[in-house]
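One structure below.
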2 protein chains.
Amino acid sequence: MKAALIQQKYHKSKEETIQKSLELIDRSDAELVVLQELHQGPYFCQSEDVKYFDFAEDFEKDLEFWKWVSQKKDIVLVTSLFEKRAPGLYHNTAVVFDRGKIAGRYRKMHIPDDPGFYEKFYFTPGDIGFEPIDTSVGRLGVLVCWDQWFPEAARIMALKGAQILIYPTAIGWFEEDSKEEKQRQLDAWITVQRSHAIANGLYLISANRVGFEEDESGCGSGIIFWGNSFICGPQGEFLAKASSDKEEVLEAELDFSKMEDVRKIWPFFRDRRIEEYGCLLKRYCED
Amino acid sequence: MKAALIQQKYHKSKEETIQKSLELIDRSDAELVVLQELHQGPYFCQSEDVKYFDFAEDFEKDLEFWKWVSQKKDIVLVTSLFEKRAPGLYHNTAVVFDRGKIAGRYRKMHIPDDPGFYEKFYFTPGDIGFEPIDTSVGRLGVLVCWDQWFPEAARIMALKGAQILIYPTAIGWFEEDSKEEKQRQLDAWITVQRSHAIANGLYLISANRVGFEEDESGCGSGIIFWGNSFICGPQGEFLAKASSDKEEVLEAELDFSKMEDVRKIWPFFRDRRIEEYGCLLKRYCED
């Protein structure tokens with residue numbers, strides 16, 4: 001099964017940005033296509049402003065549009081949208097379309113909040129749990145961005161039978177950080193995701209944004225989204241890896257029988273000490 | 001605080017192997033020294049033979065000896081010993097000594113069993129849980145080898161306040177695997193451990209065996225222990241990294257204030273969705 005991800009920039013308007021997404025999707029004949037986090041617009045969480053909630057107003061229309069794209073292209077399409085659920089109640093939601101139908105959705109569970117990434121202002125933490133989504137190309141463990149730092153999320157998806165972990169994401173550098181700090185952050189981001197593929201013996205697709213976006217509030221220095229999207233196999237081996245500054249379509253062949261072979265030589269699921277893991281359900285485990 | 005690990009070969013007898021360990025320990029002025037898994041002898045788990053249980057007969061004497069070393073050198077010393085607990089009841093046990101006293105022990109919780117690594121025959125899975133050990137150089141999250149593939153073990157140690165994850169280990173290649181497969185295995189092993197440092201914002205020391213050891217039963221082709229011991233920081237950044245074929249003393253300076261700084265910019269503990277992690281306590285989560 002061929003999978004592809006789209007790594008792209010924000011193009012100054014929703015229309016032009018979607019147009020670019022469609023152009024890039026058209027370049028691939030993959031059956032599974034993954035778009036980056038909040039791919040229809042800018043990464044607006046650089047500041048807290050109620051005006052940005054307007055980006056969620058067309059959520060229902062967005063669903064219809066991407067459903068149509070998945071049908072026209074005859075693909076499984078992983079999108080990342082700003083969901084208005086009710087007035088004052090919004091989610092960062094990945095919706096998966098399967099050749100003209102909605103296959104399922106995942107509402108981002110772990111919500112970050114740090115300078116330049118003020119997501120707790122915009123997104124209510126997901127309330128539908130970590131549930132893989134069944135599609136015609138396999139069972140997809142869709143997670144979003146900040147989730148990628150949490151081994152628990154990856155493990156739960158795997159224990160529920162996910163065959164591919166998929167992370168639409170939007171992460172980048174601040175100009176003011178040193179070159180060494182930038183490298184450490186990028187390496188950490190790649191490493192922690194590859195480790196989820198390894199620890200759980202499955203494929204992983206991470207689609208990140210690229211390009212500079214300024215902070216419209218003028219308070220921050222903007223974010224240099226670092227790209228470096230990648231697809232890796234069940235030993236964490238790179239199958240495809242993107243640049244840090246270009247728009248790209250990244251493709252790889254995934255073979256679920258290879259995945260099962262790896263789990264036979266590295267049978268981690270066999271040996272988990274579940275009776276001793278109770279502490280994982282606590283915030284912290286003081287003496 | 002300066003930490004060191006010893007990466008070494010098996011030297012044909014317990015006496016000569018220990019002599020080499022002492023020589024290597026003498027080269028360092030570190031306050032914390034970590035030895036590799038089952039460092040007193042060969043990696044005997046390449047085959048299943050009751051004669052190897054004899055290696056555990058001197059466990060109590062071994063304790064006295066390494067306690068004496070820790071006192072003489074005035075160090076915190078992490079050892080990895082074959083513990084005879086009762087006739088027919090043995091553990092793969094890391095014992096931590098603190099300047100002449102036993103600070104605590106950890107009994108390997110996840111026990112592997114695959115061709116060449118027949119540990120389930122020898123070692124009863126640990127029954128004292130994942131408990132960090134308090135020492136004069138900090139709170140140590142000591143785990144052993146196969147544990148390194150389980151994010152749960154690392155997370156629990158971190159949630160109990162461990163400042164350093166420590167893995168005495170014995171892992172290597174089989175000659176018959178391809179060059180590419182060997183590289184994938186090594187990369188996976190490094191990556192998954194670095195990810196524990198990243199996901200938990202702490203230091204990590206992994207001390208691996210080096211050198212070829214044949215399978216005395218003649219059934220297997222032997223193991224080429226791949227070395228590559230390393231020390232990394234709370235962003236997974238390498239502080240020191242060893243070769244794949246030489247005996248080495250690897251040292252690094254650890255600074256716990258740096259660790260706390262990293263946790264402030266990457267506050268993963270703040271955002272864990274503990275109420276949604278129940279599935280982690282199950283073997284598998286079918287529909």
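Note on naming: chains are A, B, ... as they come in the structure tokens, residues start from 1 per chain, ligands start from 1 in the order shown.
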At a cut-off of 7 Å, can you tabulate as a Markdown table every residue of chain B near chain A together with its closest atom pair and the distance in Å to one decimal, using only C-alpha atoms and ordering rows by chain then number?
| residue | atom | partner | partner_atom | distance |
| --- | --- | --- | --- | --- |
| B:His110 | CA | A:Asp271 | CA | 6.0 |
| B:Ile111 | CA | A:Asp271 | CA | 7.0 |
| B:Gly129 | CA | A:Glu276 | CA | 6.4 |
| B:Trp149 | CA | A:Ala199 | CA | 5.9 |
| B:Phe150 | CA | A:Ala199 | CA | 6.6 |
| B:Pro151 | CA | A:Pro151 | CA | 6.4 |
| B:Glu152 | CA | A:Tyr277 | CA | 6.9 |
| B:Ile156 | CA | A:Cys279 | CA | 6.2 |
| B:Leu159 | CA | A:Tyr284 | CA | 5.0 |
| B:Lys160 | CA | A:Cys285 | CA | 5.0 |
| B:Arg184 | CA | A:Glu237 | CA | 6.3 |
| B:Ala188 | CA | A:Gln235 | CA | 5.9 |
| B:Thr191 | CA | A:Thr191 | CA | 5.9 |
| B:Val192 | CA | A:Ser195 | CA | 4.7 |
| B:Ser195 | CA | A:Val192 | CA | 4.7 |
| B:Ile198 | CA | A:Ala188 | CA | 6.5 |
| B:Ala199 | CA | A:Trp149 | CA | 5.9 |
| B:Gln235 | CA | A:Ala188 | CA | 5.9 |
| B:Gly236 | CA | A:Ala188 | CA | 6.1 |
| B:Glu237 | CA | A:Arg184 | CA | 6.3 |
| B:Asp271 | CA | A:His110 | CA | 6.0 |
| B:Arg272 | CA | A:His110 | CA | 6.8 |
| B:Arg273 | CA | A:His110 | CA | 6.9 |
| B:Ile274 | CA | A:Leu281 | CA | 4.9 |
| B:Glu275 | CA | A:Leu281 | CA | 6.8 |
| B:Glu276 | CA | A:Gly129 | CA | 6.4 |
| B:Tyr277 | CA | A:Leu281 | CA | 6.2 |
| B:Gly278 | CA | A:Leu281 | CA | 6.9 |
| B:Cys279 | CA | A:Ile156 | CA | 6.2 |
| B:Leu280 | CA | A:Ile156 | CA | 6.3 |
| B:Leu281 | CA | A:Ile274 | CA | 4.9 |
| B:Lys282 | CA | A:Ile274 | CA | 6.2 |
| B:Arg283 | CA | A:Ile274 | CA | 6.7 |
| B:Tyr284 | CA | A:Leu159 | CA | 5.0 |
| B:Cys285 | CA | A:Lys160 | CA | 5.0 |
| B:Glu286 | CA | A:Lys160 | CA | 6.0 |
Give me a file of those residues, with C-alpha atoms, as a compact mmCIF listing (two decimals), in the first residue's frame.
# COMPACT_ATOMS: atom_id res chain seq x y z
CA HIS B 110 10.60 -7.46 31.70
CA ILE B 111 12.32 -10.73 30.81
CA GLY B 129 8.23 -3.18 40.98
CA TRP B 149 11.99 -1.24 25.04
CA PHE B 150 9.10 -0.45 27.40
CA PRO B 151 8.10 3.22 27.72
CA GLU B 152 5.96 2.26 30.71
CA ILE B 156 6.89 5.05 36.06
CA LEU B 159 6.75 9.72 37.90
CA LYS B 160 8.41 8.40 41.05
CA ARG B 184 18.26 -0.98 12.02
CA ALA B 188 16.22 1.26 17.16
CA THR B 191 16.42 5.68 19.54
CA VAL B 192 14.00 4.05 21.95
CA SER B 195 13.10 8.77 23.62
CA ILE B 198 13.01 13.05 26.00
CA ALA B 199 9.49 11.95 26.98
CA GLN B 235 16.38 16.35 25.22
CA GLY B 236 17.92 13.04 24.18
CA GLU B 237 21.13 14.82 23.20
CA ASP B 271 -0.72 17.48 30.14
CA ARG B 272 -0.99 13.71 30.55
CA ARG B 273 -4.61 12.53 30.10
CA ILE B 274 -4.48 10.09 32.97
CA GLU B 275 -8.24 9.53 33.02
CA GLU B 276 -7.98 8.16 29.47
CA TYR B 277 -5.00 5.81 29.97
CA GLY B 278 -6.89 2.82 31.39
CA CYS B 279 -6.10 0.66 28.37
CA LEU B 280 -2.41 0.70 29.39
CA LEU B 281 -3.25 -1.74 32.18
CA LYS B 282 -4.61 -4.29 29.74
CA ARG B 283 -2.79 -6.94 27.74
CA TYR B 284 -4.57 -5.90 24.55
CA CYS B 285 -7.68 -3.84 23.93
CA GLU B 286 -9.96 -5.67 21.55
With only C-alpha atoms as the counted atoms, please give the residues lying no more than 7 Å from Phe212 in chain A, apart from itself and same-chain residues fewer than 2 positions off, as a PDB file with C-alpha atoms, in the first residue's frame.
ATOM      1  CA  GLU A 214       4.755  35.713  11.678  1.00  0.00           C
ATOM      2  CA  ILE A 223       7.667  30.491  13.963  1.00  0.00           C
ATOM      3  CA  ILE A 224       9.961  28.872  11.400  1.00  0.00           C
ATOM      4  CA  PHE A 225       8.054  25.613  10.848  1.00  0.00           C
TER       5      PHE A 225
END
Given only C-alpha atoms as the basis, pick out the residue of B:Lys73, B:Lys120, B:His11, B:Lys51 nearest to Gly100 in chain B. B:Lys73
Which residues are close to Gly211 in chain B, i.e. within 8 Å by only C-alpha atoms, leaving aside same-chain residues fewer than 4 positions away? Reply as a ChimeraX atom specification. /B:8-10,224-227,245-246
Can I get the selection written as a PDB file, in the first residue's frame, with N, CA, C and O atoms?
ATOM      1  N   GLN B   8      32.628  -3.079  28.567  1.00  0.00           N
ATOM      2  CA  GLN B   8      33.758  -4.003  28.552  1.00  0.00           C
ATOM      3  C   GLN B   8      33.415  -5.366  27.961  1.00  0.00           C
ATOM      4  O   GLN B   8      32.263  -5.674  27.686  1.00  0.00           O
ATOM      5  N   LYS B   9      34.469  -6.171  27.793  1.00  0.00           N
ATOM      6  CA  LYS B   9      34.330  -7.530  27.290  1.00  0.00           C
ATOM      7  C   LYS B   9      34.312  -8.517  28.453  1.00  0.00           C
ATOM      8  O   LYS B   9      34.698  -8.183  29.575  1.00  0.00           O
ATOM      9  N   TYR B  10      33.934  -9.733  28.137  1.00  0.00           N
ATOM     10  CA  TYR B  10      34.118 -10.835  29.073  1.00  0.00           C
ATOM     11  C   TYR B  10      35.521 -11.393  28.841  1.00  0.00           C
ATOM     12  O   TYR B  10      35.913 -11.646  27.698  1.00  0.00           O
ATOM     13  N   ILE B 224      27.676 -10.921  18.795  1.00  0.00           N
ATOM     14  CA  ILE B 224      28.645  -9.825  18.696  1.00  0.00           C
ATOM     15  C   ILE B 224      28.045  -8.664  19.490  1.00  0.00           C
ATOM     16  O   ILE B 224      27.204  -7.912  18.978  1.00  0.00           O
ATOM     17  N   PHE B 225      28.387  -8.540  20.758  1.00  0.00           N
ATOM     18  CA  PHE B 225      27.813  -7.454  21.569  1.00  0.00           C
ATOM     19  C   PHE B 225      28.257  -6.126  20.973  1.00  0.00           C
ATOM     20  O   PHE B 225      29.441  -5.928  20.695  1.00  0.00           O
ATOM     21  N   TRP B 226      27.277  -5.239  20.764  1.00  0.00           N
ATOM     22  CA  TRP B 226      27.549  -4.070  19.900  1.00  0.00           C
ATOM     23  C   TRP B 226      27.992  -2.796  20.618  1.00  0.00           C
ATOM     24  O   TRP B 226      28.126  -1.751  19.959  1.00  0.00           O
ATOM     25  N   GLY B 227      28.271  -2.875  21.900  1.00  0.00           N
ATOM     26  CA  GLY B 227      28.764  -1.664  22.579  1.00  0.00           C
ATOM     27  C   GLY B 227      27.818  -0.500  22.393  1.00  0.00           C
ATOM     28  O   GLY B 227      26.633  -0.598  22.686  1.00  0.00           O
ATOM     29  N   ASP B 245      33.119  -1.581  19.365  1.00  0.00           N
ATOM     30  CA  ASP B 245      34.023  -2.733  19.520  1.00  0.00           C
ATOM     31  C   ASP B 245      35.135  -2.582  20.557  1.00  0.00           C
ATOM     32  O   ASP B 245      35.968  -3.480  20.693  1.00  0.00           O
ATOM     33  N   LYS B 246      35.156  -1.472  21.300  1.00  0.00           N
ATOM     34  CA  LYS B 246      36.265  -1.277  22.250  1.00  0.00           C
ATOM     35  C   LYS B 246      35.787  -1.199  23.693  1.00  0.00           C
ATOM     36  O   LYS B 246      34.677  -0.777  23.966  1.00  0.00           O
TER      37      LYS B 246
END
Given only C-alpha atoms as the counted atoms, nearest of A:Gln71, A:Thr93, A:Ser221, A:Gln40 to Lys14 in chain A: A:Gln40
Can you list, as a list in words, every protein, DNA or RNA residue that comes within 12 Å of Pro87 in chain B when you count only C-alpha atoms, leaving out same-chain residues fewer than 3 positions away?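 Skipping anything fewer than 3 positions along the chain leaves Phe53, Asp54, Ala56, Glu57, Glu83, Lys84, Tyr90 and His91 of chain B.
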May I have all residues of range 95-180 of chain A that DSSP, computed from the backbone, assigns to strand (DSSP E), given as a ChimeraX atom specification? /A:95-98,101-107,133-135,138-142,164-169,172-173
If we count only C-alpha atoms and set the cut-off at 7 Å, which residues sit around Glu248 in chain B, ignoring sequence neighbours fewer than 4 positions away in its own chain? Please answer as an mmCIF file with C-alpha atoms, in the first residue's frame.
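Saved the output as out04.cif:
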data_model
loop_
_atom_site.group_PDB
_atom_site.id
_atom_site.type_symbol
_atom_site.label_atom_id
_atom_site.label_comp_id
_atom_site.auth_asym_id
_atom_site.auth_seq_id
_atom_site.Cartn_x
_atom_site.Cartn_y
_atom_site.Cartn_z
ATOM 1 C CA ILE B 6 32.098 0.954 31.877
ATOM 2 C CA GLN B 7 31.742 -0.815 28.517
ATOM 3 C CA GLN B 8 33.758 -4.003 28.552
ATOM 4 C CA ALA B 242 31.097 4.695 22.857
#
Selection near Ala4 in chain B, 8 Å with only C-alpha atoms, sequence-local residues under 5 positions removed, as a ChimeraX atom specification: /B:28,30-34,249-252
Show me, as JSON, numbers by chain, the residues that have an atom within 9 Å of Arg139 in chain B when counting only C-alpha atoms, minus same-chain residues fewer than 6 positions from it. {"B": [132, 133, 161, 162, 163, 164]}
Generate the output file for the selected residues, N, CA and C atoms, as a CSV table (one decimal), in the first residue's frame.
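Saved result, again05.csv, follows:
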chain,number,residue,atom,x,y,z
B,132,PRO,N,12.5,3.7,42.1
B,132,PRO,CA,13.9,4.4,42.0
B,132,PRO,C,14.6,4.2,43.3
B,133,ILE,N,15.9,4.4,43.2
B,133,ILE,CA,16.8,4.1,44.4
B,133,ILE,C,17.5,5.5,44.8
B,161,GLY,N,10.0,10.1,40.5
B,161,GLY,CA,11.0,11.1,40.8
B,161,GLY,C,12.4,10.8,40.4
B,162,ALA,N,12.6,9.7,39.6
B,162,ALA,CA,14.0,9.4,39.1
B,162,ALA,C,14.5,10.6,38.4
B,163,GLN,N,15.8,10.8,38.6
B,163,GLN,CA,16.5,11.9,37.8
B,163,GLN,C,17.4,11.4,36.7
B,164,ILE,N,17.8,10.1,36.8
B,164,ILE,CA,18.6,9.5,35.8
B,164,ILE,C,18.0,8.1,35.6
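Residue nearest Gly88 in chain A within the list A:Asn228, A:Ser178, A:Thr124, A:Ser70: A:Thr124 [criterion: smallest interatomic distance, only C-alpha atoms].
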